[in-house]
>>> print(open('coords.csv').read())   # CSV, C-alpha atoms and all ligand atoms
chain,number,residue,atom,x,y,z
E,1,MET,CA,13.8,11.1,1.1
E,2,SER,CA,14.7,13.2,4.2
E,3,ALA,CA,12.0,14.7,6.5
E,4,THR,CA,13.2,18.2,5.6
E,5,LYS,CA,12.8,17.5,1.8
E,6,ILE,CA,9.4,16.0,2.3
E,7,ILE,CA,8.1,19.0,4.4
E,8,HIS,CA,9.6,21.6,2.0
E,9,ALA,CA,8.3,19.8,-1.1
E,10,ILE,CA,5.0,21.3,-0.1
E,11,PRO,CA,4.9,24.8,-1.3
E,12,SER,CA,3.4,27.8,0.4
E,13,ASP,CA,0.8,29.8,-1.6
E,14,PRO,CA,2.6,32.1,-4.0
E,15,LEU,CA,-0.5,34.4,-4.4
E,16,THR,CA,-1.1,35.2,-0.7
E,17,GLY,CA,1.8,33.7,1.3
E,18,ALA,CA,-0.5,31.3,3.1
E,19,ILE,CA,1.8,28.8,4.7
E,20,SER,CA,-0.6,25.9,4.1
E,21,VAL,CA,-2.1,24.9,0.8
E,22,PRO,CA,-5.4,26.6,-0.1
E,23,VAL,CA,-8.4,24.4,-0.9
E,24,TYR,CA,-9.7,25.4,-4.3
E,25,GLN,CA,-13.3,24.2,-3.9
E,26,THR,CA,-14.4,25.1,-7.5
E,27,SER,CA,-15.7,23.2,-10.5
E,28,THR,CA,-14.7,25.7,-13.2
E,29,PHE,CA,-12.3,28.6,-13.9
E,30,ILE,CA,-13.1,31.9,-15.7
E,31,GLN,CA,-11.5,32.3,-19.1
E,32,GLU,CA,-10.4,35.6,-20.6
E,33,ALA,CA,-11.3,34.4,-24.1
E,34,PRO,CA,-12.1,30.9,-25.3
E,35,GLY,CA,-9.1,28.7,-24.5
E,36,VAL,CA,-7.2,31.5,-22.7
E,37,ASN,CA,-7.0,30.7,-19.0
E,38,LYS,CA,-4.5,30.6,-16.1
E,39,GLY,CA,-3.7,26.9,-16.6
E,40,PHE,CA,-6.9,25.6,-15.3
E,41,ASP,CA,-10.3,25.2,-17.1
E,42,TYR,CA,-12.4,22.5,-15.5
E,43,ALA,CA,-11.8,20.7,-12.2
E,44,ARG,CA,-11.9,17.1,-13.5
E,45,SER,CA,-9.0,18.0,-15.8
E,46,ASN,CA,-7.1,20.0,-13.2
E,47,ASN,CA,-7.4,21.7,-9.9
E,48,PRO,CA,-4.7,23.8,-8.1
E,49,THR,CA,-5.0,21.9,-4.8
E,50,ARG,CA,-4.8,18.6,-6.6
E,51,LYS,CA,-1.8,19.9,-8.6
E,52,VAL,CA,0.1,20.5,-5.4
E,53,LEU,CA,-0.5,17.0,-4.2
E,54,GLU,CA,0.4,15.5,-7.6
E,55,ASP,CA,3.7,17.5,-7.8
E,56,VAL,CA,4.6,16.6,-4.2
E,57,ILE,CA,4.1,12.8,-4.7
E,58,ALA,CA,6.1,13.0,-7.9
E,59,GLU,CA,8.9,14.6,-6.0
E,60,LEU,CA,8.7,12.1,-3.1
E,61,GLU,CA,9.0,9.2,-5.5
E,62,GLY,CA,11.6,10.8,-7.8
E,63,GLY,CA,9.2,10.5,-10.7
E,64,HIS,CA,8.2,12.6,-13.7
E,65,SER,CA,4.6,13.3,-12.8
E,66,GLY,CA,2.0,12.4,-10.1
E,67,PHE,CA,-1.7,11.8,-10.4
E,68,ALA,CA,-4.3,11.8,-7.7
E,69,PHE,CA,-7.4,9.5,-7.8
E,70,ALA,CA,-10.5,9.0,-5.6
E,71,THR,CA,-9.1,5.7,-4.2
E,72,GLY,CA,-6.1,3.4,-4.5
E,73,LEU,CA,-8.2,1.1,-6.7
E,74,ALA,CA,-9.1,4.0,-9.0
E,75,ALA,CA,-5.3,4.6,-9.3
E,76,ILE,CA,-4.8,0.9,-10.1
E,77,ASP,CA,-7.6,1.0,-12.6
E,78,SER,CA,-6.1,3.9,-14.5
E,79,VAL,CA,-2.9,2.0,-15.0
E,80,LEU,CA,-4.7,-1.1,-16.2
E,81,LYS,CA,-6.3,1.1,-18.9
E,82,LEU,CA,-2.9,1.3,-20.6
E,83,LEU,CA,-3.6,-2.2,-21.8
E,84,SER,CA,-5.5,-3.6,-24.8
E,85,SER,CA,-7.4,-6.8,-25.2
E,86,GLY,CA,-4.9,-9.7,-25.7
E,87,ASP,CA,-2.2,-8.2,-23.5
E,88,GLU,CA,-0.9,-10.1,-20.5
E,89,ILE,CA,0.0,-9.2,-16.9
E,90,ILE,CA,2.4,-11.1,-14.7
E,91,ALA,CA,1.3,-10.3,-11.1
E,92,VAL,CA,2.6,-11.1,-7.6
E,93,ASP,CA,0.6,-14.0,-6.2
E,94,ASP,CA,-0.4,-12.6,-2.9
E,95,ILE,CA,-1.7,-9.4,-4.5
E,96,TYR,CA,-4.0,-7.1,-2.5
E,97,GLY,CA,-7.5,-8.6,-2.5
E,98,GLY,CA,-9.2,-5.6,-4.2
E,99,ALA,CA,-6.6,-5.6,-7.0
E,100,TYR,CA,-7.2,-9.4,-7.5
E,101,ARG,CA,-11.0,-8.7,-7.7
E,102,LEU,CA,-10.5,-5.9,-10.3
E,103,PHE,CA,-8.0,-8.0,-12.4
E,104,THR,CA,-10.1,-11.2,-12.3
E,105,HIS,CA,-13.7,-9.9,-12.5
E,106,VAL,CA,-13.3,-6.8,-14.6
E,107,TYR,CA,-10.2,-7.0,-16.8
E,108,GLU,CA,-10.0,-10.7,-17.5
E,109,LYS,CA,-13.5,-10.4,-18.9
E,110,LEU,CA,-12.2,-7.7,-21.3
E,111,GLY,CA,-9.6,-10.1,-22.8
E,112,ILE,CA,-6.6,-9.4,-20.6
E,113,LYS,CA,-4.7,-12.4,-19.4
E,114,ILE,CA,-3.2,-12.5,-15.9
E,115,GLN,CA,-0.7,-14.9,-14.5
E,116,TYR,CA,0.0,-14.9,-10.8
E,117,VAL,CA,3.5,-16.0,-9.8
E,118,ASP,CA,5.7,-16.0,-6.7
E,119,THR,CA,7.8,-13.0,-7.6
E,120,THR,CA,10.1,-13.4,-4.6
E,121,GLU,CA,11.9,-15.9,-6.8
E,122,VAL,CA,13.1,-13.8,-9.8
E,123,GLU,CA,13.4,-16.9,-12.0
E,124,ASN,CA,9.6,-17.4,-11.8
E,125,VAL,CA,9.1,-14.0,-13.4
E,126,GLY,CA,11.7,-14.8,-16.1
E,127,LYS,CA,9.9,-18.0,-17.0
E,128,ALA,CA,6.4,-16.4,-17.0
E,129,VAL,CA,7.1,-13.4,-19.4
E,130,SER,CA,6.6,-13.5,-23.1
E,131,GLY,CA,6.2,-11.1,-26.0
E,132,LYS,CA,2.6,-10.5,-24.9
E,133,THR,CA,3.5,-9.4,-21.4
E,134,LYS,CA,2.7,-5.7,-21.1
E,135,LEU,CA,2.7,-5.2,-17.3
E,136,ILE,CA,4.6,-6.8,-14.5
E,137,TRP,CA,2.7,-6.0,-11.3
E,138,LEU,CA,4.5,-6.1,-7.9
E,139,GLU,CA,3.6,-5.2,-4.4
E,140,SER,CA,6.6,-5.2,-2.1
E,141,PRO,CA,6.2,-5.8,0.7
E,142,THR,CA,2.9,-7.6,0.1
E,143,ASN,CA,-0.2,-7.7,2.1
E,144,PRO,CA,-0.4,-9.5,4.6
E,145,THR,CA,2.6,-11.8,4.7
E,146,LEU,CA,5.1,-9.0,3.8
E,147,LYS,CA,6.8,-10.9,1.0
E,148,VAL,CA,9.6,-8.8,-0.6
E,149,SER,CA,10.5,-9.0,-4.3
E,150,ASP,CA,13.8,-7.8,-5.9
E,151,ILE,CA,12.6,-4.7,-7.8
E,152,ARG,CA,15.9,-4.0,-9.6
E,153,GLU,CA,16.2,-7.6,-11.0
E,154,ILE,CA,12.5,-7.7,-12.0
E,155,ALA,CA,12.8,-4.3,-13.7
E,156,SER,CA,15.5,-5.6,-16.0
E,157,ILE,CA,13.3,-8.6,-17.0
E,158,ALA,CA,10.5,-6.1,-17.7
E,159,LYS,CA,12.9,-4.0,-19.9
E,160,SER,CA,14.0,-7.1,-21.8
E,161,VAL,CA,10.5,-7.9,-23.0
E,162,GLY,CA,9.3,-4.3,-23.4
E,163,ALA,CA,6.8,-4.5,-20.5
E,164,TYR,CA,6.2,-1.8,-17.9
E,165,LEU,CA,7.1,-2.6,-14.3
E,166,VAL,CA,4.4,-1.3,-11.9
E,167,VAL,CA,5.1,-1.3,-8.1
E,168,ASP,CA,2.3,-0.9,-5.6
E,169,ASN,CA,4.4,0.9,-3.0
E,170,THR,CA,1.6,1.3,-0.4
E,171,PHE,CA,3.3,-0.8,2.3
E,172,ALA,CA,6.8,0.8,2.0
E,173,SER,CA,5.6,4.4,1.5
E,174,PRO,CA,8.0,6.8,-0.1
E,175,VAL,CA,9.9,7.0,3.2
E,176,GLY,CA,10.7,3.3,3.1
E,177,GLN,CA,11.4,2.7,-0.6
E,178,ASN,CA,11.5,4.5,-4.0
E,179,PRO,CA,10.8,2.0,-6.8
E,180,ILE,CA,11.5,4.3,-9.7
E,181,ALA,CA,15.2,4.6,-8.5
E,182,LEU,CA,15.2,0.8,-8.6
E,183,GLY,CA,14.0,0.7,-12.3
E,184,ALA,CA,10.2,0.7,-12.0
E,185,ASP,CA,8.1,2.5,-14.6
E,186,LEU,CA,5.1,3.3,-12.5
E,187,VAL,CA,4.4,3.5,-8.8
E,188,ILE,CA,1.0,3.2,-7.1
E,189,HIS,CA,-0.1,4.2,-3.6
E,190,SER,CA,-3.3,3.7,-1.7
E,191,GLY,CA,-3.1,7.2,-0.2
E,192,THR,CA,-5.6,5.9,2.3
E,193,LYS,CA,-2.9,4.2,4.2
E,194,TYR,CA,0.5,5.7,5.3
E,195,ILE,CA,0.4,8.8,3.1
E,196,GLY,CA,-2.9,10.1,4.5
E,197,GLY,CA,-2.0,8.5,7.7
E,198,HIS,CA,-5.0,9.4,9.9
E,199,SER,CA,-7.7,7.0,8.8
E,200,ASP,CA,-9.8,9.9,7.7
E,201,LEU,CA,-9.9,9.7,3.9
E,202,VAL,CA,-9.6,7.3,0.9
E,203,ALA,CA,-7.2,8.3,-1.9
E,204,GLY,CA,-5.0,6.9,-4.7
E,205,LEU,CA,-1.8,8.1,-6.3
E,206,VAL,CA,0.1,7.2,-9.5
E,207,VAL,CA,3.6,8.3,-10.2
E,208,THR,CA,5.1,8.0,-13.7
E,209,SER,CA,8.8,7.8,-14.7
E,210,THR,CA,8.7,9.3,-18.2
E,211,PRO,CA,6.9,12.2,-20.1
E,212,GLU,CA,5.3,9.5,-22.4
E,213,LEU,CA,3.7,7.7,-19.5
E,214,SER,CA,2.7,10.9,-17.9
E,215,GLU,CA,0.8,11.9,-21.1
E,216,LYS,CA,-1.0,8.5,-21.2
E,217,ILE,CA,-2.0,8.5,-17.5
E,218,LYS,CA,-3.1,12.2,-17.7
E,219,PHE,CA,-5.3,11.3,-20.7
E,220,ILE,CA,-6.8,8.3,-18.8
E,221,GLN,CA,-7.3,10.3,-15.6
E,222,ASN,CA,-9.3,13.0,-17.5
E,223,ALA,CA,-11.1,10.6,-19.8
E,224,SER,CA,-12.3,8.3,-16.9
E,225,GLY,CA,-12.6,11.0,-14.3
E,226,GLY,CA,-11.9,9.2,-11.0
E,227,VAL,CA,-10.1,12.2,-9.5
E,228,LEU,CA,-9.6,13.1,-5.9
E,229,GLY,CA,-11.6,16.1,-4.7
E,230,PRO,CA,-9.8,19.3,-3.4
E,231,TRP,CA,-10.6,18.8,0.3
E,232,ASP,CA,-9.3,15.3,0.3
E,233,CYS,CA,-6.2,16.5,-1.6
E,234,PHE,CA,-5.7,19.1,1.2
E,235,LEU,CA,-6.0,16.4,3.9
E,236,THR,CA,-3.6,14.1,2.0
E,237,ILE,CA,-1.0,17.0,1.7
E,238,ARG,CA,-1.4,17.6,5.4
E,239,GLY,CA,-0.8,13.9,6.1
E,240,ILE,CA,2.4,14.0,4.0
E,241,GLU,CA,3.8,16.8,6.4
E,242,THR,CA,4.2,14.1,9.1
E,243,LEU,CA,4.8,11.1,6.9
E,244,SER,CA,8.5,10.7,7.8
E,245,LEU,CA,7.9,11.0,11.5
E,246,ARG,CA,4.9,8.6,11.5
E,247,TYR,CA,6.5,5.9,9.3
E,248,LYS,CA,9.7,5.8,11.3
E,249,LYS,CA,7.8,5.5,14.6
E,250,GLN,CA,5.4,2.9,13.2
E,251,SER,CA,8.4,0.9,11.9
E,252,ASP,CA,10.2,1.1,15.3
E,253,ASN,CA,7.0,0.0,17.1
E,254,ALA,CA,6.4,-2.8,14.6
E,255,GLN,CA,10.0,-4.1,15.0
E,256,LYS,CA,9.7,-4.4,18.7
E,257,ILE,CA,6.3,-6.0,18.5
E,258,ALA,CA,7.6,-8.5,15.9
E,259,GLU,CA,10.4,-9.4,18.3
E,260,PHE,CA,7.9,-9.9,21.1
E,261,LEU,CA,5.6,-12.1,19.0
E,262,ARG,CA,8.5,-14.2,17.9
E,263,GLU,CA,9.1,-15.3,21.5
E,264,HIS,CA,5.5,-15.7,22.5
E,265,PRO,CA,4.4,-19.4,23.2
E,266,GLU,CA,1.0,-19.0,21.5
E,267,VAL,CA,2.4,-17.7,18.3
E,268,ASP,CA,3.5,-19.9,15.4
E,269,LYS,CA,4.9,-17.8,12.5
E,270,VAL,CA,5.7,-14.1,12.5
E,271,TYR,CA,6.0,-12.1,9.3
E,272,TYR,CA,8.0,-8.9,9.4
E,273,PRO,CA,10.8,-8.0,6.8
E,274,GLY,CA,12.8,-6.4,9.6
E,275,LEU,CA,13.3,-9.7,11.3
E,276,GLU,CA,16.4,-11.6,10.2
E,277,SER,CA,14.3,-14.8,10.2
E,278,HIS,CA,12.0,-13.3,7.5
E,279,LYS,CA,12.5,-15.2,4.2
E,280,ASN,CA,13.2,-12.1,2.2
E,281,HIS,CA,15.1,-10.1,4.9
E,282,HIS,CA,18.2,-9.7,2.7
E,283,ILE,CA,16.3,-8.2,-0.3
E,284,ALA,CA,14.4,-5.9,2.1
E,285,THR,CA,17.7,-4.6,3.6
E,286,LYS,CA,19.0,-4.0,0.1
E,287,GLN,CA,16.1,-2.0,-1.3
E,288,GLN,CA,14.2,-0.6,1.7
E,289,LYS,CA,15.8,2.2,3.7
E,290,GLY,CA,16.1,0.6,7.1
E,291,TYR,CA,12.4,1.1,7.8
E,292,TYR,CA,10.1,-1.9,7.2
E,293,GLY,CA,6.7,-0.3,8.0
E,294,GLY,CA,4.0,-0.7,10.7
E,295,VAL,CA,2.4,-4.0,9.5
E,296,VAL,CA,3.3,-7.2,11.3
E,297,SER,CA,1.4,-10.5,10.7
E,298,PHE,CA,1.4,-13.7,12.7
E,299,SER,CA,-0.3,-17.0,12.9
E,300,LEU,CA,-1.3,-18.9,16.0
E,301,LYS,CA,-0.3,-22.4,17.1
E,302,ASP,CA,-4.0,-23.1,17.3
E,303,ASP,CA,-4.4,-22.5,13.5
E,304,THR,CA,-8.2,-22.0,13.5
E,305,THR,CA,-10.6,-19.2,12.6
E,306,SER,CA,-12.1,-19.3,16.0
E,307,ALA,CA,-8.7,-18.8,17.7
E,308,ALA,CA,-8.1,-15.8,15.5
E,309,ASN,CA,-11.6,-14.5,16.2
E,310,ASN,CA,-10.9,-14.7,20.0
E,311,PHE,CA,-7.7,-12.8,19.7
E,312,VAL,CA,-8.8,-10.0,17.4
E,313,THR,CA,-11.7,-9.2,19.8
E,314,ALA,CA,-9.6,-9.3,23.0
E,315,THR,CA,-7.3,-6.2,22.4
E,316,ASN,CA,-8.0,-2.8,23.7
E,317,TYR,CA,-5.7,-0.3,21.8
E,318,PHE,CA,-5.6,-2.4,18.6
E,319,LYS,CA,-9.0,-1.8,17.1
E,320,LEU,CA,-10.6,-4.4,14.8
E,321,ALA,CA,-10.9,-2.7,11.4
E,322,GLU,CA,-9.8,-3.0,7.8
E,323,SER,CA,-7.1,-0.7,6.5
E,324,LEU,CA,-3.6,0.1,7.9
E,325,GLY,CA,-1.0,2.8,8.1
E,326,GLY,CA,-2.9,5.3,10.4
E,327,VAL,CA,-1.7,6.8,13.7
E,328,LYS,CA,-4.1,4.5,15.6
E,329,SER,CA,-3.2,0.8,15.9
E,330,LEU,CA,-5.5,-1.5,14.1
E,331,LEU,CA,-5.8,-5.3,13.6
E,332,CYS,CA,-7.7,-7.5,11.3
E,333,HIS,CA,-8.3,-11.1,10.3
E,334,PRO,CA,-7.4,-11.2,6.6
E,335,ALA,CA,-9.2,-14.5,5.9
E,336,GLN,CA,-12.6,-13.1,6.8
E,337,MET,CA,-11.9,-9.4,6.0
E,338,THR,CA,-9.3,-8.0,3.5
E,339,HIS,CA,-8.8,-11.4,1.8
E,340,ALA,CA,-12.4,-12.7,1.9
E,341,SER,CA,-12.7,-12.3,-1.9
E,342,ILE,CA,-9.9,-14.7,-2.6
E,343,PRO,CA,-10.8,-18.5,-2.7
E,344,ARG,CA,-9.5,-20.4,0.4
E,345,GLU,CA,-7.2,-22.7,-1.5
E,346,LYS,CA,-5.5,-19.8,-3.3
E,347,ARG,CA,-5.3,-17.8,0.0
E,348,LEU,CA,-3.6,-20.8,1.8
E,349,ARG,CA,-1.1,-21.2,-1.0
E,350,ALA,CA,-0.2,-17.5,-0.6
E,351,GLY,CA,0.4,-18.2,3.1
E,352,VAL,CA,-2.7,-16.6,4.5
E,353,GLN,CA,-3.5,-19.2,7.1
E,354,ASP,CA,-6.9,-19.4,8.9
E,355,SER,CA,-5.4,-18.0,12.1
E,356,LEU,CA,-3.3,-15.3,10.5
E,357,VAL,CA,-3.7,-11.9,12.3
E,358,ARG,CA,-2.5,-8.7,10.7
E,359,LEU,CA,-1.5,-5.8,13.0
E,360,SER,CA,-1.1,-2.2,11.8
E,361,CYS,CA,1.0,-0.6,14.5
E,362,GLY,CA,0.2,3.1,15.1
E,363,ILE,CA,2.3,5.7,16.8
E,364,GLU,CA,1.3,5.0,20.4
E,365,ASP,CA,3.9,4.3,23.1
E,366,VAL,CA,5.3,0.8,22.3
E,367,GLU,CA,5.1,-0.3,26.0
E,368,ASP,CA,1.3,0.2,25.8
E,369,LEU,CA,0.9,-1.7,22.6
E,370,LEU,CA,3.1,-4.6,23.9
E,371,ALA,CA,1.0,-4.8,27.1
E,372,ASP,CA,-2.2,-4.7,25.0
E,373,LEU,CA,-1.1,-7.8,23.0
E,374,ALA,CA,0.2,-9.6,26.1
E,375,ASN,CA,-3.1,-9.0,27.9
E,376,ALA,CA,-5.1,-10.2,24.8
E,377,PHE,CA,-3.1,-13.5,24.7
E,378,GLU,CA,-3.7,-13.9,28.5
E,379,ARG,CA,-7.4,-13.2,28.2
E,380,VAL,CA,-7.9,-15.7,25.3
E,381,LYS,CA,-6.1,-18.3,27.4
E,382,THR,CA,-8.1,-17.7,30.5
E,383,GLU,CA,-11.4,-17.9,28.6
E,384,LYS,CA,-10.3,-21.2,27.0
E,385,ASP,CA,-9.3,-22.7,30.3
E,386,LEU,CA,-12.7,-21.7,31.8
E,387,LYS,CA,-14.5,-23.3,28.9
E,388,LEU,CA,-12.5,-26.5,29.4
E,389,ALA,CA,-13.1,-26.6,33.2
N,1,LIG,C1,-5.6,-0.5,0.4
N,1,LIG,C2,-4.7,-1.0,-0.7
N,1,LIG,C3,-5.1,-0.7,-2.0
N,1,LIG,C4,-6.4,-0.1,-2.4
N,1,LIG,O1,-6.6,1.2,-2.0
N,1,LIG,P1,-8.0,1.9,-1.6
N,1,LIG,O2,-7.6,3.3,-1.3
N,1,LIG,O3,-8.6,1.1,-0.5
N,1,LIG,O4,-8.8,1.8,-2.9
N,1,LIG,C5,-4.2,-1.1,-3.0
N,1,LIG,N1,-3.1,-1.7,-2.7
N,1,LIG,C6,-2.7,-2.0,-1.4
N,1,LIG,C7,-1.4,-2.6,-1.2
N,1,LIG,C8,-3.5,-1.6,-0.4
N,1,LIG,O5,-3.1,-1.9,0.9
>>> encode(input="coords.csv", output="structure tokens")
Amino acid sequence: MSATKIIHAIPSDPLTGAISVPVYQTSTFIQEAPGVNKGFDYARSNNPTRKVLEDVIAELEGGHSGFAFATGLAAIDSVLKLLSSGDEIIAVDDIYGGAYRLFTHVYEKLGIKIQYVDTTEVENVGKAVSGKTKLIWLESPTNPTLKVSDIREIASIAKSVGAYLVVDNTFASPVGQNPIALGADLVIHSGTKYIGGHSDLVAGLVVTSTPELSEKIKFIQNASGGVLGPWDCFLTIRGIETLSLRYKKQSDNAQKIAEFLREHPEVDKVYYPGLESHKNHHIATKQQKGYYGGVVSFSLKDDTTSAANNFVTATNYFKLAESLGGVKSLLCHPAQMTHASIPREKRLRAGVQDSLVRLSCGIEDVEDLLADLANAFERVKTEKDLKLA
């Protein structure tokens, strides 16, 4: 979606002409008579500030309706509540760690079966589905090795067995990819990442493709109550105003950084869908809109936790922290941080090596980010040489 459309998807206030969206910090709304109101009755069910955010994200994703939740995981949780005991999910194997924890430790216990498959090979999905499959769960690109799955092909498998295709679109953002146009039924975002964009809030979003799904998610949202508060809705809307600008700059920075890392003697593998050498580059170019996001992961020739530890504590601009997608560059060590809840063997099978480092490139000047990384490699090497001497 164009920057112009994104900015103008956000309405000014029809009551006062305020150019920015008012924060309706209220729990309830006065009724003229029982059941007679102005479209709002209680803030868990609906809130005017939240409604703006929900309408905007629906428009950005080309969906029917949007829903805002307290966190990305609350959004994921609301979609899982579409299922009943005995239903099955086919999920991407290097799924976000928090989603893995929710699936395995909450929903499996309630009688929902989950199969993890390498969805980058469409045949694997075809082989795994059955009449019991109710959801196919993709992330594309995935965290942290940026695997890309063919959304269009997998959508047609989902249709053939009557399952919903859900795409966690957090890493691509609505600027990089619109899964509903590729056949997905539901789209999820951790609004905490690119959409919020300033590392100052946690939020989750769901976008539905049909009126039937909208009705179901609306019911679950109100019944479970994990909604996003009005102030955080306002901040998320404010983040969306610069989403296009930020995502494009972050993608440009990440592309240059990936190219730098590819040539660096201390680096083993580099994972970035914008590199031709990336395993799924051809699918990425087909379904992403020329922007591959701010996340770049790489492993070291010295494939150890200690080598990764030395590197992630040697940078200046790249701050060591969980999360991604904000204006400030961050880095993390997935094995000990974001992916610590996944057993080592399973983690290694998904390509998350002991030395894997994940960068989230911000919007700083790329020369400074490149110099920061070059200095960090140099510092780690000097310290190692001193130890050996
Ligand atoms: C962060 C993240 C989530 C969870 O979102 P929260 O806002 O932290 O609850 C889900 N999926 C992906 C891909 C993420 O990166």
>>> residues_near_ligand(input="coords.csv", ligand="ligand LIG 1 (chain N)", cutoff="8 Å", atoms="all atoms listed in the file", output="list in words")
Ala70, Thr71, Gly72, Leu73, Ala74, Ala75, Ile76, Ile95, Tyr96, Gly98, Ala99, Glu139, Thr142, Asn143, Asp168, Asn169, Thr170, Phe171, Ile188, His189, Ser190, Gly191, Thr192, Lys193, Val202, Ala203, Gly204, Ser323 and Leu324 of chain E
>>> write_last_selection(input="coords.csv", atoms="C-alpha atoms", output="PDB file, in the frame of the given file")
ATOM      1  CA  ALA E  70     -10.500   9.000  -5.600  1.00  0.00           C
ATOM      2  CA  THR E  71      -9.100   5.700  -4.200  1.00  0.00           C
ATOM      3  CA  GLY E  72      -6.100   3.400  -4.500  1.00  0.00           C
ATOM      4  CA  LEU E  73      -8.200   1.100  -6.700  1.00  0.00           C
ATOM      5  CA  ALA E  74      -9.100   4.000  -9.000  1.00  0.00           C
ATOM      6  CA  ALA E  75      -5.300   4.600  -9.300  1.00  0.00           C
ATOM      7  CA  ILE E  76      -4.800   0.900 -10.100  1.00  0.00           C
ATOM      8  CA  ILE E  95      -1.700  -9.400  -4.500  1.00  0.00           C
ATOM      9  CA  TYR E  96      -4.000  -7.100  -2.500  1.00  0.00           C
ATOM     10  CA  GLY E  98      -9.200  -5.600  -4.200  1.00  0.00           C
ATOM     11  CA  ALA E  99      -6.600  -5.600  -7.000  1.00  0.00           C
ATOM     12  CA  GLU E 139       3.600  -5.200  -4.400  1.00  0.00           C
ATOM     13  CA  THR E 142       2.900  -7.600   0.100  1.00  0.00           C
ATOM     14  CA  ASN E 143      -0.200  -7.700   2.100  1.00  0.00           C
ATOM     15  CA  ASP E 168       2.300  -0.900  -5.600  1.00  0.00           C
ATOM     16  CA  ASN E 169       4.400   0.900  -3.000  1.00  0.00           C
ATOM     17  CA  THR E 170       1.600   1.300  -0.400  1.00  0.00           C
ATOM     18  CA  PHE E 171       3.300  -0.800   2.300  1.00  0.00           C
ATOM     19  CA  ILE E 188       1.000   3.200  -7.100  1.00  0.00           C
ATOM     20  CA  HIS E 189      -0.100   4.200  -3.600  1.00  0.00           C
ATOM     21  CA  SER E 190      -3.300   3.700  -1.700  1.00  0.00           C
ATOM     22  CA  GLY E 191      -3.100   7.200  -0.200  1.00  0.00           C
ATOM     23  CA  THR E 192      -5.600   5.900   2.300  1.00  0.00           C
ATOM     24  CA  LYS E 193      -2.900   4.200   4.200  1.00  0.00           C
ATOM     25  CA  VAL E 202      -9.600   7.300   0.900  1.00  0.00           C
ATOM     26  CA  ALA E 203      -7.200   8.300  -1.900  1.00  0.00           C
ATOM     27  CA  GLY E 204      -5.000   6.900  -4.700  1.00  0.00           C
ATOM     28  CA  SER E 323      -7.100  -0.700   6.500  1.00  0.00           C
ATOM     29  CA  LEU E 324      -3.600   0.100   7.900  1.00  0.00           C
TER      30      LEU E 324
END
>>> closest_residue(input="coords.csv", among="E:Ile90, E:Leu356, E:Val56, E:Val23", to="Ile10 of chain E", atoms="only C-alpha atoms")
E:Val56
>>> residues_around(input="coords.csv", residues="segment 315-319 of chain E", least_positions_apart="3", cutoff="9 Å", atoms="only C-alpha atoms", output="PyMOL selection string")
chain E and resi 311-312+328-332+359-362+364+368-369+372-373+375-377
>>> residues_around(input="coords.csv", residues="Ala335 of chain E", least_positions_apart="2", cutoff="8 Å", atoms="all atoms listed in the file", output="mmCIF file with C-alpha atoms, in the frame of the given file")
data_model
loop_
_atom_site.group_PDB
_atom_site.id
_atom_site.type_symbol
_atom_site.label_atom_id
_atom_site.label_comp_id
_atom_site.auth_asym_id
_atom_site.auth_seq_id
_atom_site.Cartn_x
_atom_site.Cartn_y
_atom_site.Cartn_z
ATOM 1 C CA HIS E 333 -8.300 -11.100 10.300
ATOM 2 C CA MET E 337 -11.900 -9.400 6.000
ATOM 3 C CA THR E 338 -9.300 -8.000 3.500
ATOM 4 C CA HIS E 339 -8.800 -11.400 1.800
ATOM 5 C CA ALA E 340 -12.400 -12.700 1.900
ATOM 6 C CA ARG E 347 -5.300 -17.800 0.000
ATOM 7 C CA VAL E 352 -2.700 -16.600 4.500
ATOM 8 C CA GLN E 353 -3.500 -19.200 7.100
ATOM 9 C CA ASP E 354 -6.900 -19.400 8.900
ATOM 10 C CA LEU E 356 -3.300 -15.300 10.500
#
>>> atom_distance(input="coords.csv", atom1="atom CA of Ala158 of chain E", atom2="atom CA of Ala68 of chain E")
25.3 Å
>>> residues_around(input="coords.csv", residues="Phe67 of chain E", least_positions_apart="2", cutoff="7 Å", atoms="only C-alpha atoms", output="list in words")
Glu54, Ser65, Phe69, Leu205, Val206 and Val207 of chain E
>>> closest_residue(input="coords.csv", among="E:Leu275, E:Glu61, E:Val327, E:Leu228", to="Lys249 of chain E", atoms="all atoms listed in the file")
E:Val327
>>> residues_around(input="coords.csv", residues="segment 265-270 of chain E", least_positions_apart="3", cutoff="8 Å", atoms="all atoms listed in the file", output="short mmCIF file (atom, residue, chain, number, x, y, z; two decimals) with C-alpha atoms, in the coordinates of the input")
data_model
loop_
_atom_site.label_atom_id
_atom_site.label_comp_id
_atom_site.auth_asym_id
_atom_site.auth_seq_id
_atom_site.Cartn_x
_atom_site.Cartn_y
_atom_site.Cartn_z
CA ALA E 258 7.60 -8.50 15.90
CA LEU E 261 5.60 -12.10 19.00
CA ARG E 262 8.50 -14.20 17.90
CA VAL E 296 3.30 -7.20 11.30
CA SER E 297 1.40 -10.50 10.70
CA PHE E 298 1.40 -13.70 12.70
CA SER E 299 -0.30 -17.00 12.90
CA LEU E 300 -1.30 -18.90 16.00
CA LYS E 301 -0.30 -22.40 17.10
CA ASP E 302 -4.00 -23.10 17.30
CA PHE E 377 -3.10 -13.50 24.70
#
>>> closest_residue(input="coords.csv", among="E:Arg44, E:Lys384, E:Lys147, E:Arg238", to="His282 of chain E", atoms="all atoms listed in the file")
E:Lys147
>>> closest_residue(input="coords.csv", among="E:Asp365, E:Glu32, E:Glu345, E:Asp252", to="Gly274 of chain E", atoms="all atoms listed in the file")
E:Asp252
